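Q: So that you have it, the file is model.pdb, and it contains PDB, C-alpha atoms:
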```pdb
ATOM      1  CA  MET A   5      55.486 -89.694  53.337  1.00  0.00           C
ATOM      2  CA  THR A   6      55.860 -85.934  53.676  1.00  0.00           C
ATOM      3  CA  GLU A   7      54.553 -84.365  56.854  1.00  0.00           C
ATOM      4  CA  TYR A   8      52.465 -81.391  55.759  1.00  0.00           C
ATOM      5  CA  MET A   9      51.985 -78.111  57.585  1.00  0.00           C
ATOM      6  CA  THR A  10      48.551 -76.885  58.655  1.00  0.00           C
ATOM      7  CA  ILE A  11      47.109 -73.384  58.570  1.00  0.00           C
ATOM      8  CA  ASP A  12      48.126 -72.996  62.228  1.00  0.00           C
ATOM      9  CA  ASP A  13      51.722 -73.923  61.336  1.00  0.00           C
ATOM     10  CA  LEU A  14      51.737 -71.404  58.479  1.00  0.00           C
ATOM     11  CA  LYS A  15      50.397 -68.686  60.773  1.00  0.00           C
ATOM     12  CA  LYS A  16      53.237 -69.308  63.222  1.00  0.00           C
ATOM     13  CA  VAL A  17      55.941 -69.326  60.536  1.00  0.00           C
ATOM     14  CA  PHE A  18      54.805 -66.072  58.872  1.00  0.00           C
ATOM     15  CA  ARG A  19      53.332 -64.521  62.044  1.00  0.00           C
ATOM     16  CA  ILE A  20      50.039 -63.820  60.298  1.00  0.00           C
ATOM     17  CA  GLY A  21      46.386 -64.314  61.135  1.00  0.00           C
ATOM     18  CA  ASN A  22      43.703 -66.597  59.740  1.00  0.00           C
ATOM     19  CA  ASP A  23      42.574 -64.334  56.900  1.00  0.00           C
ATOM     20  CA  LYS A  24      46.044 -63.886  55.461  1.00  0.00           C
ATOM     21  CA  ALA A  25      46.944 -67.557  55.864  1.00  0.00           C
ATOM     22  CA  TYR A  26      43.857 -68.656  53.939  1.00  0.00           C
ATOM     23  CA  LYS A  27      44.508 -66.036  51.238  1.00  0.00           C
ATOM     24  CA  LEU A  28      48.058 -67.311  50.788  1.00  0.00           C
ATOM     25  CA  CYS A  29      46.869 -70.915  50.512  1.00  0.00           C
ATOM     26  CA  GLY A  30      44.414 -69.959  47.794  1.00  0.00           C
ATOM     27  CA  MET A  31      46.969 -68.090  45.678  1.00  0.00           C
ATOM     28  CA  ARG A  32      48.250 -69.440  42.382  1.00  0.00           C
ATOM     29  CA  GLY A  33      51.671 -70.979  42.818  1.00  0.00           C
ATOM     30  CA  PHE A  34      51.496 -71.282  46.598  1.00  0.00           C
ATOM     31  CA  PRO A  35      52.425 -74.863  47.659  1.00  0.00           C
ATOM     32  CA  ALA A  36      49.149 -75.750  49.363  1.00  0.00           C
ATOM     33  CA  PHE A  37      46.174 -77.944  48.618  1.00  0.00           C
ATOM     34  CA  ARG A  38      42.897 -78.748  50.251  1.00  0.00           C
ATOM     35  CA  ILE A  39      41.402 -82.143  50.927  1.00  0.00           C
ATOM     36  CA  GLY A  40      37.834 -81.793  49.609  1.00  0.00           C
ATOM     37  CA  GLU A  41      36.089 -78.967  51.425  1.00  0.00           C
ATOM     38  CA  GLY A  42      38.271 -79.518  54.470  1.00  0.00           C
ATOM     39  CA  GLN A  43      41.668 -78.611  55.795  1.00  0.00           C
ATOM     40  CA  TRP A  44      44.429 -76.906  53.827  1.00  0.00           C
ATOM     41  CA  LEU A  45      47.771 -78.693  53.800  1.00  0.00           C
ATOM     42  CA  ILE A  46      51.051 -76.929  52.979  1.00  0.00           C
ATOM     43  CA  ASP A  47      54.120 -78.697  51.610  1.00  0.00           C
ATOM     44  CA  PRO A  48      57.045 -77.459  53.781  1.00  0.00           C
ATOM     45  CA  LYS A  49      59.654 -78.100  51.073  1.00  0.00           C
ATOM     46  CA  GLY A  50      57.452 -76.347  48.517  1.00  0.00           C
ATOM     47  CA  LEU A  51      57.052 -73.417  50.911  1.00  0.00           C
ATOM     48  CA  GLU A  52      60.830 -73.084  51.231  1.00  0.00           C
ATOM     49  CA  GLU A  53      61.165 -73.185  47.438  1.00  0.00           C
ATOM     50  CA  TRP A  54      58.372 -70.615  47.022  1.00  0.00           C
ATOM     51  CA  VAL A  55      60.066 -68.193  49.425  1.00  0.00           C
ATOM     52  CA  ALA A  56      63.508 -68.836  47.863  1.00  0.00           C
ATOM     53  CA  LYS A  57      62.128 -68.085  44.386  1.00  0.00           C
ATOM     54  CA  LEU A  58      60.770 -64.780  45.633  1.00  0.00           C
ATOM     55  CA  GLN A  59      64.062 -63.932  47.338  1.00  0.00           C
ATOM     56  CA  LYS A  60      66.214 -64.742  44.290  1.00  0.00           C
ATOM     57  CA  THR A  61      64.756 -62.157  41.986  1.00  0.00           C
ATOM     58  CA  ASN A  62      67.160 -59.414  41.021  1.00  0.00           C
ATOM     59  CA  THR A  63      64.415 -57.222  39.641  1.00  0.00           C
ATOM     60  CA  LYS A  64      62.449 -54.499  41.385  1.00  0.00           C
ATOM     61  CA  THR A  65      61.374 -55.873  44.779  1.00  0.00           C
ATOM     62  CA  VAL A  66      59.464 -54.821  47.849  1.00  0.00           C
ATOM     63  CA  ASN A  67      60.739 -56.003  51.239  1.00  0.00           C
ATOM     64  CA  VAL A  68      57.859 -57.109  53.435  1.00  0.00           C
ATOM     65  CA  GLY A  69      59.625 -59.733  55.521  1.00  0.00           C
ATOM     66  CA  ILE A  70      60.363 -61.702  52.356  1.00  0.00           C
ATOM     67  CA  MET A  71      61.341 -60.388  48.965  1.00  0.00           C
ATOM     68  CA  ILE A  72      58.451 -60.055  46.522  1.00  0.00           C
ATOM     69  CA  SER A  73      59.304 -59.465  42.885  1.00  0.00           C
ATOM     70  CA  ALA A  74      57.256 -56.909  41.001  1.00  0.00           C
ATOM     71  CA  ASP A  75      58.350 -58.584  37.748  1.00  0.00           C
ATOM     72  CA  ALA A  76      57.575 -62.199  38.684  1.00  0.00           C
ATOM     73  CA  ASP A  77      54.850 -64.255  37.039  1.00  0.00           C
ATOM     74  CA  TYR A  78      52.218 -62.663  39.284  1.00  0.00           C
ATOM     75  CA  THR A  79      49.491 -60.334  38.056  1.00  0.00           C
ATOM     76  CA  ALA A  80      49.065 -56.936  39.701  1.00  0.00           C
ATOM     77  CA  GLU A  81      46.076 -58.325  41.621  1.00  0.00           C
ATOM     78  CA  GLU A  82      48.115 -61.284  42.875  1.00  0.00           C
ATOM     79  CA  MET A  83      50.951 -58.972  43.936  1.00  0.00           C
ATOM     80  CA  GLN A  84      48.450 -56.875  45.893  1.00  0.00           C
ATOM     81  CA  GLN A  85      47.178 -60.051  47.590  1.00  0.00           C
ATOM     82  CA  ILE A  86      50.726 -61.030  48.544  1.00  0.00           C
ATOM     83  CA  LEU A  87      51.403 -57.610  50.034  1.00  0.00           C
ATOM     84  CA  GLU A  88      48.137 -57.687  51.970  1.00  0.00           C
ATOM     85  CA  CYS A  89      49.049 -61.114  53.335  1.00  0.00           C
ATOM     86  CA  MET A  90      52.315 -59.876  54.759  1.00  0.00           C
ATOM     87  CA  VAL A  91      50.830 -57.026  56.816  1.00  0.00           C
ATOM     88  CA  PRO A  92      50.183 -58.098  60.425  1.00  0.00           C
ATOM     89  CA  ASP A  93      46.518 -58.391  61.330  1.00  0.00           C
ATOM     90  CA  ASN A  94      44.630 -58.612  64.578  1.00  0.00           C
ATOM     91  CA  ASP A  95      42.777 -61.914  64.285  1.00  0.00           C
TER
END
```
Let's see the structure in the file written out as structure tokens.
A:
Amino acid sequence: MTEYMTIDDLKKVFRIGNDKAYKLCGMRGFPAFRIGEGQWLIDPKGLEEWVAKLQKTNTKTVNVGIMISADADYTAEEMQQILECMVPDND
């Protein structure tokens, strides 16, 4: 069985705080799921694939530690959420 990452693991990998980690987990296409009302679990292989997909775009991109495609399947609101998630916070 796959060993899933927790929110704390995600925070360490991306060097982000609680707010941004939870926002990422709730985004469409992000490889995470929640057990009932409880803990978020992140698929590490899915996370690698998610980041790789973002990095492979050869369209207009913004570099915020990972490559985010402005022309991907994300809406403008979702792109704004991604960018907000990648800015360091103080929590």
Q: Report the distance between atom CA of Ile46 of chain A and atom CA of Lys24 of chain A in Å, rounded to one decimal place.
A: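 Value for the atom CA of Ile46 of chain A-atom CA of Lys24 of chain A distance: 14.2 Å.
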Q: Give as a list of chain:residue names the residues that the PyMOL selection byres ((chain A and resi 5-16) around 10) matches when applied to the coordinates above.
A: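 Checked against the file, the PyMOL selection byres ((chain A and resi 5-16) around 10) matches A:Val17, A:Phe18, A:Arg19, A:Ile20, A:Gly21, A:Asn22, A:Asp23, A:Lys24, A:Ala25, A:Tyr26, A:Leu28, A:Cys29, A:Ala36, A:Gln43, A:Trp44, A:Leu45, A:Ile46, A:Asp47, A:Pro48, A:Lys49, A:Leu51.
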Q: What is the atom CA of Gly30 of chain A-atom CA of Lys57 of chain A distance in Å, reported with one decimal?
A: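 Computing it gives 18.1 Å between the two atoms.
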Q: Just give me the gap between atom CA of Glu81 of chain A and atom CA of Gly42 of chain A in Å, one decimal is fine.
A: 26.0 Å
